[in-house]
file target_32.pdb (PDB, C-alpha atoms and all ligand atoms)
ATOM      1  CA  VAL A 662       0.000   0.000   0.000
ATOM      2  CA  THR A 663       1.309   3.441  -0.962
ATOM      3  CA  GLU A 664      -1.295   6.159  -0.631
ATOM      4  CA  ARG A 665      -2.386   9.291   1.201
ATOM      5  CA  ARG A 666      -5.420   9.432   3.425
ATOM      6  CA  LEU A 667      -7.079  12.547   4.826
ATOM      7  CA  ASP A 668      -7.979  12.378   8.507
ATOM      8  CA  PRO A 669     -11.405  14.064   8.602
ATOM      9  CA  LEU A 670     -11.139  15.044  12.294
ATOM     10  CA  THR A 671      -7.938  17.071  11.898
ATOM     11  CA  ASP A 672      -8.106  17.754   8.157
ATOM     12  CA  GLU A 673      -4.528  16.476   7.855
ATOM     13  CA  TRP A 674      -3.152  14.220   5.160
ATOM     14  CA  ARG A 675      -1.186  11.183   6.320
ATOM     15  CA  THR A 676       0.947   9.030   4.045
ATOM     16  CA  PHE A 677       1.157   5.228   4.033
ATOM     17  CA  ALA A 678       4.113   3.513   2.389
ATOM     18  CA  THR A 679       4.090   0.003   3.756
ATOM     19  CA  HIS A 680       6.980  -1.234   1.597
ATOM     20  CA  ARG A 681       9.229   0.942   3.774
ATOM     21  CA  GLN A 682       9.058  -1.803   6.426
ATOM     22  CA  ASP A 683      11.524  -3.757   4.277
ATOM     23  CA  ARG A 684      14.249  -1.073   4.408
ATOM     24  CA  THR A 685      17.781  -2.150   5.198
ATOM     25  CA  PHE A 686      18.410  -1.434   8.873
ATOM     26  CA  LEU A 687      21.903  -0.231   9.856
ATOM     27  CA  PRO A 688      23.986  -2.366   7.505
ATOM     28  CA  THR A 689      27.706  -2.727   8.244
ATOM     29  CA  VAL A 690      30.167  -0.513   6.344
ATOM     30  CA  GLU A 691      30.859  -3.268   3.802
ATOM     31  CA  HIS A 692      27.155  -3.401   2.941
ATOM     32  CA  CYS A 693      26.444   0.328   3.117
ATOM     33  CA  PRO A 694      24.303   1.268   0.083
ATOM     34  CA  LEU A 695      25.483   4.918   0.250
ATOM     35  CA  CYS A 696      29.215   4.188   0.033
ATOM     36  CA  PRO A 697      30.830   4.398  -3.423
ATOM     37  CA  THR A 698      30.882   1.280  -5.552
ATOM     38  CA  VAL A 699      34.293  -0.425  -5.353
ATOM     39  CA  ALA A 700      35.730  -3.139  -7.578
ATOM     40  CA  GLY A 701      35.051  -6.678  -6.395
ATOM     41  CA  ARG A 702      31.966  -5.707  -4.314
ATOM     42  CA  PRO A 703      28.302  -5.596  -5.324
ATOM     43  CA  PRO A 704      27.223  -2.172  -6.665
ATOM     44  CA  THR A 705      25.799   0.333  -4.168
ATOM     45  CA  GLU A 706      23.244   3.093  -4.859
ATOM     46  CA  VAL A 707      26.123   5.217  -6.168
ATOM     47  CA  PRO A 708      27.734   3.478  -9.172
ATOM     48  CA  VAL A 709      31.058   5.356  -9.091
ATOM     49  CA  PRO A 710      34.303   4.748  -7.154
ATOM     50  CA  ALA A 711      34.399   8.249  -5.589
ATOM     51  CA  PHE A 712      32.071  11.251  -5.406
ATOM     52  CA  GLU A 713      31.606  14.597  -3.692
ATOM     53  CA  VAL A 714      27.828  14.828  -3.210
ATOM     54  CA  ALA A 715      25.337  12.320  -4.694
ATOM     55  CA  VAL A 716      21.564  12.709  -5.247
ATOM     56  CA  PHE A 717      19.191   9.947  -6.342
ATOM     57  CA  ASP A 718      15.589   8.782  -5.978
ATOM     58  CA  ASN A 719      14.842   6.942  -2.739
ATOM     59  CA  ARG A 720      14.448   3.220  -3.419
ATOM     60  CA  PHE A 721      11.786   3.081  -0.718
ATOM     61  CA  PRO A 722       9.863   6.236  -1.631
ATOM     62  CA  SER A 723       7.095   7.769   0.428
ATOM     63  CA  PHE A 724       6.189   9.946  -2.588
ATOM     64  CA  SER A 725       6.887   9.455  -6.279
ATOM     65  CA  ALA A 726       6.074  10.945  -9.678
ATOM     66  CA  THR A 727       4.230   7.766 -10.699
ATOM     67  CA  PRO A 728       2.599   6.421  -7.539
ATOM     68  CA  PRO A 729       0.350   3.345  -7.614
ATOM     69  CA  ALA A 730      -3.432   3.778  -7.460
ATOM     70  CA  PRO A 731      -4.794   3.889  -3.884
ATOM     71  CA  SER A 732      -5.994   0.616  -2.385
ATOM     72  CA  LEU A 733      -9.543   1.902  -1.911
ATOM     73  CA  GLU A 734     -11.954   4.547  -3.180
ATOM     74  CA  SER A 735     -12.679   7.914  -1.603
ATOM     75  CA  THR A 736     -16.045   8.331   0.114
ATOM     76  CA  ASP A 737     -17.942  11.400   1.380
ATOM     77  CA  LEU A 738     -16.098  11.160   4.680
ATOM     78  CA  TYR A 739     -12.789   9.592   3.735
ATOM     79  CA  SER A 740     -10.503  11.023   1.023
ATOM     80  CA  VAL A 741      -7.734   8.897  -0.481
ATOM     81  CA  ALA A 742      -5.111  10.088  -2.974
ATOM     82  CA  PRO A 743      -2.058   8.657  -4.694
ATOM     83  CA  ALA A 744       1.244   9.476  -2.931
ATOM     84  CA  MET A 745       2.250  11.894  -5.689
ATOM     85  CA  GLY A 746       5.485  13.809  -5.267
ATOM     86  CA  ALA A 747       9.173  13.057  -4.897
ATOM     87  CA  SER A 748      11.524  11.288  -2.463
ATOM     88  CA  GLU A 749      15.250  11.811  -2.958
ATOM     89  CA  VAL A 750      18.383  10.959  -1.022
ATOM     90  CA  VAL A 751      21.320  13.398  -0.774
ATOM     91  CA  VAL A 752      24.609  11.788   0.277
ATOM     92  CA  PHE A 753      26.895  14.436   1.818
ATOM     93  CA  SER A 754      30.212  12.613   1.352
ATOM     94  CA  ASP A 755      31.636   9.380   0.015
ATOM     95  CA  GLN A 756      33.229   8.791   3.426
ATOM     96  CA  HIS A 757      31.121   6.591   5.652
ATOM     97  CA  ASP A 758      32.115   8.029   9.037
ATOM     98  CA  LYS A 759      31.787  11.757   8.408
ATOM     99  CA  THR A 760      29.014  13.981   9.705
ATOM    100  CA  PHE A 761      27.815  17.269   8.254
ATOM    101  CA  GLY A 762      30.046  19.012  10.822
ATOM    102  CA  ASP A 763      33.143  17.181   9.510
ATOM    103  CA  LEU A 764      32.680  18.361   5.916
ATOM    104  CA  ASP A 765      35.227  20.873   4.709
ATOM    105  CA  PRO A 766      33.734  24.291   3.830
ATOM    106  CA  GLU A 767      33.719  23.697   0.055
ATOM    107  CA  ARG A 768      31.901  20.375   0.439
ATOM    108  CA  ALA A 769      29.320  21.797   2.862
ATOM    109  CA  ARG A 770      28.787  24.644   0.378
ATOM    110  CA  LEU A 771      28.299  22.121  -2.416
ATOM    111  CA  VAL A 772      25.500  20.512  -0.385
ATOM    112  CA  ILE A 773      23.782  23.932  -0.191
ATOM    113  CA  ASP A 774      24.104  24.334  -3.984
ATOM    114  CA  VAL A 775      22.704  20.841  -4.562
ATOM    115  CA  TRP A 776      19.767  21.585  -2.246
ATOM    116  CA  ALA A 777      19.100  24.876  -4.087
ATOM    117  CA  GLU A 778      19.170  23.080  -7.416
ATOM    118  CA  ARG A 779      16.799  20.337  -6.189
ATOM    119  CA  TYR A 780      14.496  23.005  -4.712
ATOM    120  CA  ALA A 781      14.271  24.696  -8.115
ATOM    121  CA  GLU A 782      13.842  21.492 -10.085
ATOM    122  CA  LEU A 783      11.375  19.662  -7.828
ATOM    123  CA  GLY A 784       9.487  22.869  -7.078
ATOM    124  CA  ALA A 785       8.918  23.387 -10.805
ATOM    125  CA  ARG A 786       7.020  20.085 -11.034
ATOM    126  CA  PRO A 787       3.290  20.724 -10.988
ATOM    127  CA  GLU A 788       2.645  17.864  -8.531
ATOM    128  CA  VAL A 789       5.095  19.263  -5.954
ATOM    129  CA  ASP A 790       3.696  22.027  -3.719
ATOM    130  CA  TYR A 791       6.441  21.946  -1.104
ATOM    131  CA  VAL A 792      10.105  20.914  -1.256
ATOM    132  CA  PHE A 793      11.320  19.759   2.137
ATOM    133  CA  MET A 794      15.009  19.125   2.923
ATOM    134  CA  PHE A 795      15.754  17.260   6.117
ATOM    135  CA  GLU A 796      18.297  15.108   7.885
ATOM    136  CA  ASN A 797      17.504  12.466  10.471
ATOM    137  CA  ARG A 798      20.632  11.828  12.457
ATOM    138  CA  GLY A 799      21.218   9.065  14.989
ATOM    139  CA  GLU A 800      19.602   5.757  15.801
ATOM    140  CA  ALA A 801      17.353   7.349  18.425
ATOM    141  CA  ILE A 802      15.655   9.200  15.536
ATOM    142  CA  GLY A 803      15.100   5.956  13.672
ATOM    143  CA  VAL A 804      17.911   6.383  11.170
ATOM    144  CA  THR A 805      18.440   3.207   9.188
ATOM    145  CA  LEU A 806      21.766   4.182   7.557
ATOM    146  CA  SER A 807      24.639   5.818   9.421
ATOM    147  CA  HIS A 808      26.384   7.130   6.273
ATOM    148  CA  PRO A 809      25.978  10.960   6.296
ATOM    149  CA  HIS A 810      22.968  11.810   4.199
ATOM    150  CA  GLY A 811      19.803  13.833   4.094
ATOM    151  CA  GLN A 812      16.518  13.430   2.328
ATOM    152  CA  ILE A 813      14.240  15.560   0.205
ATOM    153  CA  TYR A 814      10.496  15.111   0.051
ATOM    154  CA  GLY A 815       8.422  16.829  -2.597
ATOM    155  CA  TYR A 816       4.981  16.994  -0.966
ATOM    156  CA  PRO A 817       1.790  17.385  -3.008
ATOM    157  CA  GLU A 818       0.602  19.986  -0.452
ATOM    158  CA  VAL A 819       2.136  22.451   2.012
ATOM    159  CA  PRO A 820       2.727  20.231   5.083
ATOM    160  CA  PRO A 821       1.103  21.210   8.416
ATOM    161  CA  ALA A 822       4.223  22.504  10.244
ATOM    162  CA  ALA A 823       5.138  24.870   7.412
ATOM    163  CA  ARG A 824       1.532  25.884   6.821
ATOM    164  CA  ARG A 825       0.975  26.819  10.466
ATOM    165  CA  GLU A 826       3.992  29.173  10.358
ATOM    166  CA  LEU A 827       2.978  30.770   7.071
ATOM    167  CA  GLU A 828      -0.597  31.277   8.188
ATOM    168  CA  ALA A 829       0.506  32.802  11.504
ATOM    169  CA  ALA A 830       2.590  35.322   9.542
ATOM    170  CA  ARG A 831      -0.337  36.052   7.233
ATOM    171  CA  ARG A 832      -2.558  36.717  10.235
ATOM    172  CA  ALA A 833       0.122  38.965  11.755
ATOM    173  CA  GLY A 834       0.439  40.823   8.453
ATOM    174  CA  ARG A 835       4.250  40.697   8.501
ATOM    175  CA  CYS A 836       7.172  38.294   8.318
ATOM    176  CA  LEU A 837       7.487  36.958  11.850
ATOM    177  CA  SER A 838      10.983  35.511  11.259
ATOM    178  CA  CYS A 839      12.254  39.019  10.399
ATOM    179  CA  ALA A 840      10.782  40.215  13.694
ATOM    180  CA  VAL A 841      12.313  37.289  15.624
ATOM    181  CA  VAL A 842      15.779  37.789  14.125
ATOM    182  CA  GLU A 843      15.737  41.430  15.142
ATOM    183  CA  VAL A 844      14.729  40.715  18.739
ATOM    184  CA  GLU A 845      17.099  37.766  19.205
ATOM    185  CA  GLN A 846      20.046  39.797  17.887
ATOM    186  CA  THR A 847      19.236  42.644  20.227
ATOM    187  CA  ASP A 848      18.594  40.905  23.535
ATOM    188  CA  ARG A 849      21.016  37.989  22.849
ATOM    189  CA  LEU A 850      19.548  35.855  25.648
ATOM    190  CA  ARG A 851      18.885  32.911  23.377
ATOM    191  CA  LEU A 852      21.530  33.596  20.740
ATOM    192  CA  VAL A 853      23.802  30.591  20.137
ATOM    193  CA  ALA A 854      25.950  31.589  17.146
ATOM    194  CA  THR A 855      26.018  34.169  14.350
ATOM    195  CA  ASN A 856      27.825  34.976  11.145
ATOM    196  CA  ALA A 857      27.435  37.710   8.549
ATOM    197  CA  SER A 858      24.244  36.279   7.025
ATOM    198  CA  PHE A 859      22.673  33.978   9.648
ATOM    199  CA  VAL A 860      21.819  33.778  13.321
ATOM    200  CA  ALA A 861      21.347  30.577  15.316
ATOM    201  CA  HIS A 862      19.154  30.860  18.396
ATOM    202  CA  VAL A 863      17.017  28.826  20.751
ATOM    203  CA  PRO A 864      13.396  29.795  20.051
ATOM    204  CA  PHE A 865      11.551  31.867  22.661
ATOM    205  CA  ALA A 866       9.137  28.960  23.117
ATOM    206  CA  PRO A 867      10.708  25.786  21.726
ATOM    207  CA  ARG A 868       8.992  22.416  21.673
ATOM    208  CA  PHE A 869      12.203  20.577  22.565
ATOM    209  CA  PRO A 870      14.682  21.898  25.181
ATOM    210  CA  TYR A 871      17.757  22.031  22.915
ATOM    211  CA  GLU A 872      16.040  23.146  19.729
ATOM    212  CA  VAL A 873      17.995  25.679  17.608
ATOM    213  CA  HIS A 874      16.732  27.688  14.649
ATOM    214  CA  VAL A 875      19.150  29.026  12.039
ATOM    215  CA  VAL A 876      17.569  32.053  10.349
ATOM    216  CA  SER A 877      18.827  34.332   7.589
ATOM    217  CA  ARG A 878      19.380  37.897   8.785
ATOM    218  CA  GLU A 879      17.878  39.351   5.616
ATOM    219  CA  HIS A 880      14.472  38.351   4.364
ATOM    220  CA  ARG A 881      15.151  35.463   1.971
ATOM    221  CA  ALA A 882      12.235  33.283   0.951
ATOM    222  CA  SER A 883      14.181  30.242  -0.200
ATOM    223  CA  LEU A 884      17.609  28.775  -0.950
ATOM    224  CA  VAL A 885      17.536  30.060  -4.508
ATOM    225  CA  ASP A 886      17.257  33.615  -3.174
ATOM    226  CA  LEU A 887      20.613  33.380  -1.368
ATOM    227  CA  ASP A 888      23.634  34.976  -2.999
ATOM    228  CA  ASP A 889      27.084  33.427  -3.073
ATOM    229  CA  ASP A 890      28.279  34.734   0.306
ATOM    230  CA  GLU A 891      25.009  33.827   1.983
ATOM    231  CA  ARG A 892      25.284  30.257   0.733
ATOM    232  CA  ASP A 893      28.807  30.015   2.170
ATOM    233  CA  ASP A 894      27.539  31.416   5.462
ATOM    234  CA  LEU A 895      24.638  28.955   5.593
ATOM    235  CA  ALA A 896      27.004  26.022   4.984
ATOM    236  CA  ALA A 897      29.324  27.296   7.707
ATOM    237  CA  ILE A 898      26.677  27.799  10.373
ATOM    238  CA  LEU A 899      24.996  24.432   9.705
ATOM    239  CA  ALA A 900      28.365  22.684  10.048
ATOM    240  CA  LEU A 901      29.049  24.700  13.205
ATOM    241  CA  ALA A 902      25.696  23.606  14.635
ATOM    242  CA  ALA A 903      26.386  19.948  13.851
ATOM    243  CA  ARG A 904      29.763  20.171  15.620
ATOM    244  CA  GLY A 905      28.306  22.184  18.496
ATOM    245  CA  TYR A 906      25.673  19.572  19.232
ATOM    246  CA  ASP A 907      28.354  16.885  19.361
ATOM    247  CA  ARG A 908      30.319  18.988  21.856
ATOM    248  CA  LEU A 909      27.354  19.672  24.114
ATOM    249  CA  TRP A 910      27.693  16.355  25.963
ATOM    250  CA  ASP A 911      30.675  14.963  24.011
ATOM    251  CA  SER A 912      28.570  12.449  22.134
ATOM    252  CA  ALA A 913      26.974  12.369  18.713
ATOM    253  CA  LEU A 914      23.643  13.965  19.569
ATOM    254  CA  PRO A 915      20.740  12.633  17.522
ATOM    255  CA  TYR A 916      18.585  15.295  15.900
ATOM    256  CA  VAL A 917      16.227  16.113  13.106
ATOM    257  CA  MET A 918      17.319  18.996  10.896
ATOM    258  CA  SER A 919      14.539  20.478   8.794
ATOM    259  CA  MET A 920      14.459  23.359   6.370
ATOM    260  CA  HIS A 921      11.461  25.641   5.998
ATOM    261  CA  GLN A 922      11.220  27.834   2.930
ATOM    262  CA  ARG A 923       8.789  29.128   0.311
ATOM    263  CA  PRO A 924       6.150  26.647  -0.871
ATOM    264  CA  THR A 925       6.072  25.874  -4.588
ATOM    265  CA  ASP A 926       2.278  25.700  -4.840
ATOM    266  CA  GLY A 927       1.909  28.719  -7.110
ATOM    267  CA  VAL A 928       0.610  30.934  -4.277
ATOM    268  CA  ASP A 929       2.580  34.127  -3.575
ATOM    269  CA  TRP A 930       4.137  33.486  -0.153
ATOM    270  CA  ASP A 931       7.184  35.732  -0.709
ATOM    271  CA  ASP A 932       6.378  38.320   1.950
ATOM    272  CA  VAL A 933       5.815  35.816   4.784
ATOM    273  CA  SER A 934       8.126  32.936   3.840
ATOM    274  CA  HIS A 935      11.542  33.302   5.486
ATOM    275  CA  LEU A 936      14.207  30.642   5.016
ATOM    276  CA  HIS A 937      15.233  28.906   8.239
ATOM    277  CA  VAL A 938      16.631  25.598   9.395
ATOM    278  CA  GLU A 939      15.313  23.956  12.552
ATOM    279  CA  PHE A 940      17.487  21.576  14.562
ATOM    280  CA  THR A 941      15.408  19.410  16.851
ATOM    281  CA  PRO A 942      17.378  17.130  19.168
ATOM    282  CA  ILE A 943      15.128  14.811  21.143
ATOM    283  CA  HIS A 944      17.317  14.706  24.267
ATOM    284  CA  ARG A 945      16.703  16.731  27.432
ATOM    285  CA  GLY A 946      19.965  15.588  29.068
ATOM    286  CA  PRO A 947      23.066  13.548  28.182
ATOM    287  CA  THR A 948      21.212  10.277  28.724
ATOM    288  CA  LYS A 949      17.613  11.422  28.886
ATOM    289  CA  LEU A 950      15.213  11.592  25.992
ATOM    290  CA  LYS A 951      12.322  13.988  25.921
ATOM    291  CA  TYR A 952       9.485  11.565  25.441
ATOM    292  CA  LEU A 953       6.303  12.788  23.947
ATOM    293  CA  ALA A 954       3.615  11.929  26.478
ATOM    294  CA  GLY A 955       0.044  12.790  27.375
ATOM    295  CA  SER A 956       0.172  16.545  26.984
ATOM    296  CA  GLU A 957       2.270  16.484  23.799
ATOM    297  CA  ILE A 958       0.594  13.546  22.059
ATOM    298  CA  GLY A 959      -2.916  13.818  23.439
ATOM    299  CA  ALA A 960      -3.306  17.574  23.604
ATOM    300  CA  GLY A 961      -0.596  18.741  21.212
ATOM    301  CA  SER A 962       0.710  20.971  23.982
ATOM    302  CA  PHE A 963       4.439  20.819  24.784
ATOM    303  CA  ILE A 964       5.655  21.079  28.369
ATOM    304  CA  ASN A 965       9.366  21.620  29.048
ATOM    305  CA  ASP A 966      11.433  21.391  32.207
ATOM    306  CA  ILE A 967      14.420  23.443  30.978
ATOM    307  CA  SER A 968      14.294  27.186  30.419
ATOM    308  CA  PRO A 969      15.211  28.217  26.859
ATOM    309  CA  GLU A 970      17.696  30.797  28.208
ATOM    310  CA  VAL A 971      19.498  28.089  30.214
ATOM    311  CA  SER A 972      19.720  25.661  27.293
ATOM    312  CA  ALA A 973      20.863  28.548  25.046
ATOM    313  CA  ALA A 974      23.759  29.311  27.424
ATOM    314  CA  ALA A 975      24.901  25.669  27.355
ATOM    315  CA  LEU A 976      24.568  25.512  23.577
ATOM    316  CA  ARG A 977      26.426  28.814  23.157
ATOM    317  CA  ARG A 978      29.438  27.395  25.042
ATOM    318  CA  ALA A 979      29.353  24.168  23.034
ATOM    319  CA  PHE A 980      29.020  26.011  19.712
ATOM    320  CA  GLU A 981      31.888  28.378  20.597
ATOM    321  CA  GLU A 982      34.165  25.458  21.445
ATOM    322  CA  GLY A 983      33.224  23.791  18.173
ATOM    323  CA  ALA A 984      33.939  26.926  16.120
TER
HETATM  324 ZN    ZN B1001      28.627   4.189   3.798
HETATM  325 ZN    ZN B1002      11.464  37.696   6.807
HETATM  326 ZN    ZN B1003       9.842  26.660  10.745
END
call {"tool": "encode", "arguments": {"input": "target_32.pdb", "output": "structure tokens", "more": "lines below"}}
Ligand SMILES: [Zn+2]
Ligand SMILES: [Zn+2]
Ligand SMILES: [Zn+2]
result
Amino acid sequence: VTERRLDPLTDEWRTFATHRQDRTFLPTVEHCPLCPTVAGRPPTEVPVPAFEVAVFDNRFPSFSATPPAPSLESTDLYSVAPAMGASEVVVFSDQHDKTFGDLDPERARLVIDVWAERYAELGARPEVDYVFMFENRGEAIGVTLSHPHGQIYGYPEVPPAARRELEAARRAGRCLSCAVVEVEQTDRLRLVATNASFVAHVPFAPRFPYEVHVVSREHRASLVDLDDDERDDLAAILALAARGYDRLWDSALPYVMSMHQRPTDGVDWDDVSHLHVEFTPIHRGPTKLKYLAGSEIGAGSFINDISPEVSAAALRRAFEEGA
């Protein structure tokens, strides 16, 4: 079964891709499908002996350009749709043990250029309304391959997290990220790192205690709106964040990295869409996970036991040491 179903109670689409159950789970280095193909071994997903950055279609796609027909028909109450869209894999390096933070500046910059190119190409497809770049890092996040890589989903709609932000800005009648950047730069209480084009800060009201948002100082709607220097600065601050998180408790901290930018649904979002990257670690201490429980799952209301200013101070130290 590969299909989308609309939950009538929340008006949210959910995607079902049951073949994903068969994915390879944490293969050893010799069987890593994201390593380059070497002579004398079976071919991997990347059929060359060395590469800088590789992009290809996910073999276990959640969304595709030619999805199968849904397993059942829509009714008055229940809508079903094919899982139309795109699922791609971006491999950051041909070296198995690197992380985004280990990449040299030129390589990290190349990842930004590849993302910008995929944003433009996937976004131009009529079936793709939102191009979403993300990285799941660490087994605690459910990562099935340890080789450094990210994913790109081309959704056939603007997904709920992005839509909520855009609609809040529409209601406010201004770009709220521009407002946040200005305040965070001024009062510096939650600032974690900065460079010429970006600031990294703990949100005023994060969902997770060690969440960090990387936001462009100028109003830029998407990756393709960044100039050369800004792309270098984005690469640098994302690598700094990856290293900083590893320094926080001297262990590879699992996180989700997600990029929010302008939808590609043909609607003019330019004034309220502001490029930012959200890092969401799921830990609340070196060995403690923040579990989603009654309030978060049942009510959708996050409760935290660490003040954002306190976690920002710890992150600031870790990010400075990693600089
Ligand atoms: Zn590998
Ligand atoms: Zn803005
Ligand atoms: Zn966001």
call {"tool": "resolve_selection", "arguments": {"input": "target_32.pdb", "expression": "the PyMOL selection byres (((not hetatm)) within 7 of (chain B and resi 1001))", "output": "list of chain:residue names"}}
result
A:Val690, A:Cys693, A:Pro694, A:Leu695, A:Cys696, A:Gln756, A:His757, A:His808
call {"tool": "residues_near_ligand", "arguments": {"input": "target_32.pdb", "ligand": "ligand ZN 1003 (chain B)", "cutoff": "9 Å", "atoms": "all atoms listed in the file", "output": "list in words"}}
result
Ala822, Ala823, Arg825, Glu826, Leu827, Ser838, His874, Ser919, Met920, His921, Gln922, His935, Leu936, His937, Val938 and Glu939 of chain A
call {"tool": "atom_distance", "arguments": {"input": "target_32.pdb", "atom1": "CA of Thr676 in chain A", "atom2": "CA of Val662 in chain A"}}
result
9.9 Å
call {"tool": "closest_atom_pairs", "arguments": {"input": "target_32.pdb", "of": "chain A", "to": "ligand ZN 1002 (chain B)", "cutoff": "10 Å", "atoms": "only C-alpha atoms and all ligand atoms", "output": "Markdown table"}}
result
| residue | atom | partner | partner_atom | distance |
| --- | --- | --- | --- | --- |
| A:Ala830 | CA | B:ZN1002 | ZN | 9.6 |
| A:Arg835 | CA | B:ZN1002 | ZN | 8.0 |
| A:Cys836 | CA | B:ZN1002 | ZN | 4.6 |
| A:Leu837 | CA | B:ZN1002 | ZN | 6.5 |
| A:Ser838 | CA | B:ZN1002 | ZN | 5.0 |
| A:Cys839 | CA | B:ZN1002 | ZN | 3.9 |
| A:Ala840 | CA | B:ZN1002 | ZN | 7.4 |
| A:Val841 | CA | B:ZN1002 | ZN | 8.9 |
| A:Val842 | CA | B:ZN1002 | ZN | 8.5 |
| A:Val876 | CA | B:ZN1002 | ZN | 9.0 |
| A:Ser877 | CA | B:ZN1002 | ZN | 8.1 |
| A:Arg878 | CA | B:ZN1002 | ZN | 8.2 |
| A:Glu879 | CA | B:ZN1002 | ZN | 6.7 |
| A:His880 | CA | B:ZN1002 | ZN | 3.9 |
| A:Arg881 | CA | B:ZN1002 | ZN | 6.5 |
| A:Ala882 | CA | B:ZN1002 | ZN | 7.4 |
| A:Asp931 | CA | B:ZN1002 | ZN | 8.9 |
| A:Asp932 | CA | B:ZN1002 | ZN | 7.1 |
| A:Val933 | CA | B:ZN1002 | ZN | 6.3 |
| A:Ser934 | CA | B:ZN1002 | ZN | 6.5 |
| A:His935 | CA | B:ZN1002 | ZN | 4.6 |
| A:Leu936 | CA | B:ZN1002 | ZN | 7.8 |
| A:His937 | CA | B:ZN1002 | ZN | 9.7 |
call {"tool": "residues_near_point", "arguments": {"input": "target_32.pdb", "point": "(21.0, 28.9, 21.4)", "cutoff": "9 Å", "atoms": "only C-alpha atoms", "output": "list in words"}}
result
Leu850, Arg851, Leu852, Val853, Ala854, Ala861, His862, Val863, Pro864, Tyr871, Glu872, Val873, His874, Pro969, Glu970, Val971, Ser972, Ala973, Ala974, Ala975, Leu976, Arg977 and Phe980 of chain A
call {"tool": "closest_residue", "arguments": {"input": "target_32.pdb", "among": "A:Ser883, A:Thr679, A:Ser740, A:Thr698", "to": "Ser723 in chain A", "atoms": "all atoms listed in the file"}}
result
A:Thr679
call {"tool": "resolve_selection", "arguments": {"input": "target_32.pdb", "expression": "the PyMOL selection byres (((chain A and resi 746) around 6) and not hetatm)", "output": "PyMOL selection string"}}
result
chain A and resi 724-726+745+747+788-789+815-817
call {"tool": "resolve_selection", "arguments": {"input": "target_32.pdb", "expression": "the PyMOL selection byres (((chain A and resi 751) around 10) and not hetatm)", "output": "PyMOL selection string"}}
result
chain A and resi 695+714-719+749-750+752-754+772+775-776+779+794-796+809-813
call {"tool": "atom_distance", "arguments": {"input": "target_32.pdb", "atom1": "CA of Glu664 in chain A", "atom2": "CA of Pro729 in chain A"}}
result
7.7 Å
call {"tool": "atom_distance", "arguments": {"input": "target_32.pdb", "atom1": "CA of Leu764 in chain A", "atom2": "CA of Glu778 in chain A"}}
result
19.6 Å
call {"tool": "closest_residue", "arguments": {"input": "target_32.pdb", "among": "A:Arg832, A:Arg770, A:Arg798, A:Arg786", "to": "Leu899 in chain A", "atoms": "all atoms listed in the file"}}
result
A:Arg770
call {"tool": "closest_residue", "arguments": {"input": "target_32.pdb", "among": "A:Arg665, A:Arg908, A:Arg892, A:Arg923", "to": "Pro731 in chain A", "atoms": "only C-alpha atoms"}}
result
A:Arg665
call {"tool": "residues_around", "arguments": {"input": "target_32.pdb", "residues": "Pro820 in chain A", "least_positions_apart": "6", "cutoff": "10 Å", "atoms": "only C-alpha atoms", "output": "compact mmCIF listing (two decimals) with C-alpha atoms, in the frame of the given file"}}
result
# COMPACT_ATOMS: atom_id res chain seq x y z
CA GLU A 673 -4.53 16.48 7.86
CA TRP A 674 -3.15 14.22 5.16
CA ARG A 675 -1.19 11.18 6.32
CA ASP A 790 3.70 22.03 -3.72
CA TYR A 791 6.44 21.95 -1.10
CA VAL A 792 10.10 20.91 -1.26
CA PHE A 793 11.32 19.76 2.14
CA PRO A 924 6.15 26.65 -0.87
call {"tool": "closest_residue", "arguments": {"input": "target_32.pdb", "among": "A:Arg824, A:Arg666, A:Arg720, A:Arg849", "to": "Leu733 in chain A", "atoms": "all atoms listed in the file"}}
result
A:Arg666
call {"tool": "residues_around", "arguments": {"input": "target_32.pdb", "residues": "Leu895 in chain A", "least_positions_apart": "4", "cutoff": "10 Å", "atoms": "all atoms listed in the file", "output": "MDAnalysis selection string"}}
result
chainID A and resid 769:770 773 856:860 875:877 884 887 890:891 899:901 937:938
call {"tool": "residues_around", "arguments": {"input": "target_32.pdb", "residues": "Ser962 in chain A", "least_positions_apart": "5", "cutoff": "12 Å", "atoms": "all atoms listed in the file", "output": "PyMOL selection string"}}
result
chain A and resi 866-869+953-957
call {"tool": "residues_near_point", "arguments": {"input": "target_32.pdb", "point": "(33.1, 27.6, 5.1)", "cutoff": "6 Å", "atoms": "only C-alpha atoms", "output": "short mmCIF file (atom, residue, chain, number, x, y, z; two decimals) with C-alpha atoms, keeping the file's coordinate frame"}}
result
data_model
loop_
_atom_site.label_atom_id
_atom_site.label_comp_id
_atom_site.auth_asym_id
_atom_site.auth_seq_id
_atom_site.Cartn_x
_atom_site.Cartn_y
_atom_site.Cartn_z
CA PRO A 766 33.73 24.29 3.83
CA ASP A 893 28.81 30.02 2.17
CA ALA A 897 29.32 27.30 7.71
#
call {"tool": "closest_residue", "arguments": {"input": "target_32.pdb", "among": "A:Pro915, A:Asp929, A:Pro870, A:His944", "to": "Ser968 in chain A", "atoms": "all atoms listed in the file"}}
result
A:Pro870
call {"tool": "residues_around", "arguments": {"input": "target_32.pdb", "residues": "range 909-912 of chain A", "least_positions_apart": "4", "cutoff": "7 Å", "atoms": "all atoms listed in the file", "output": "number ranges by chain"}}
result
A: 905, 947, 976, 979
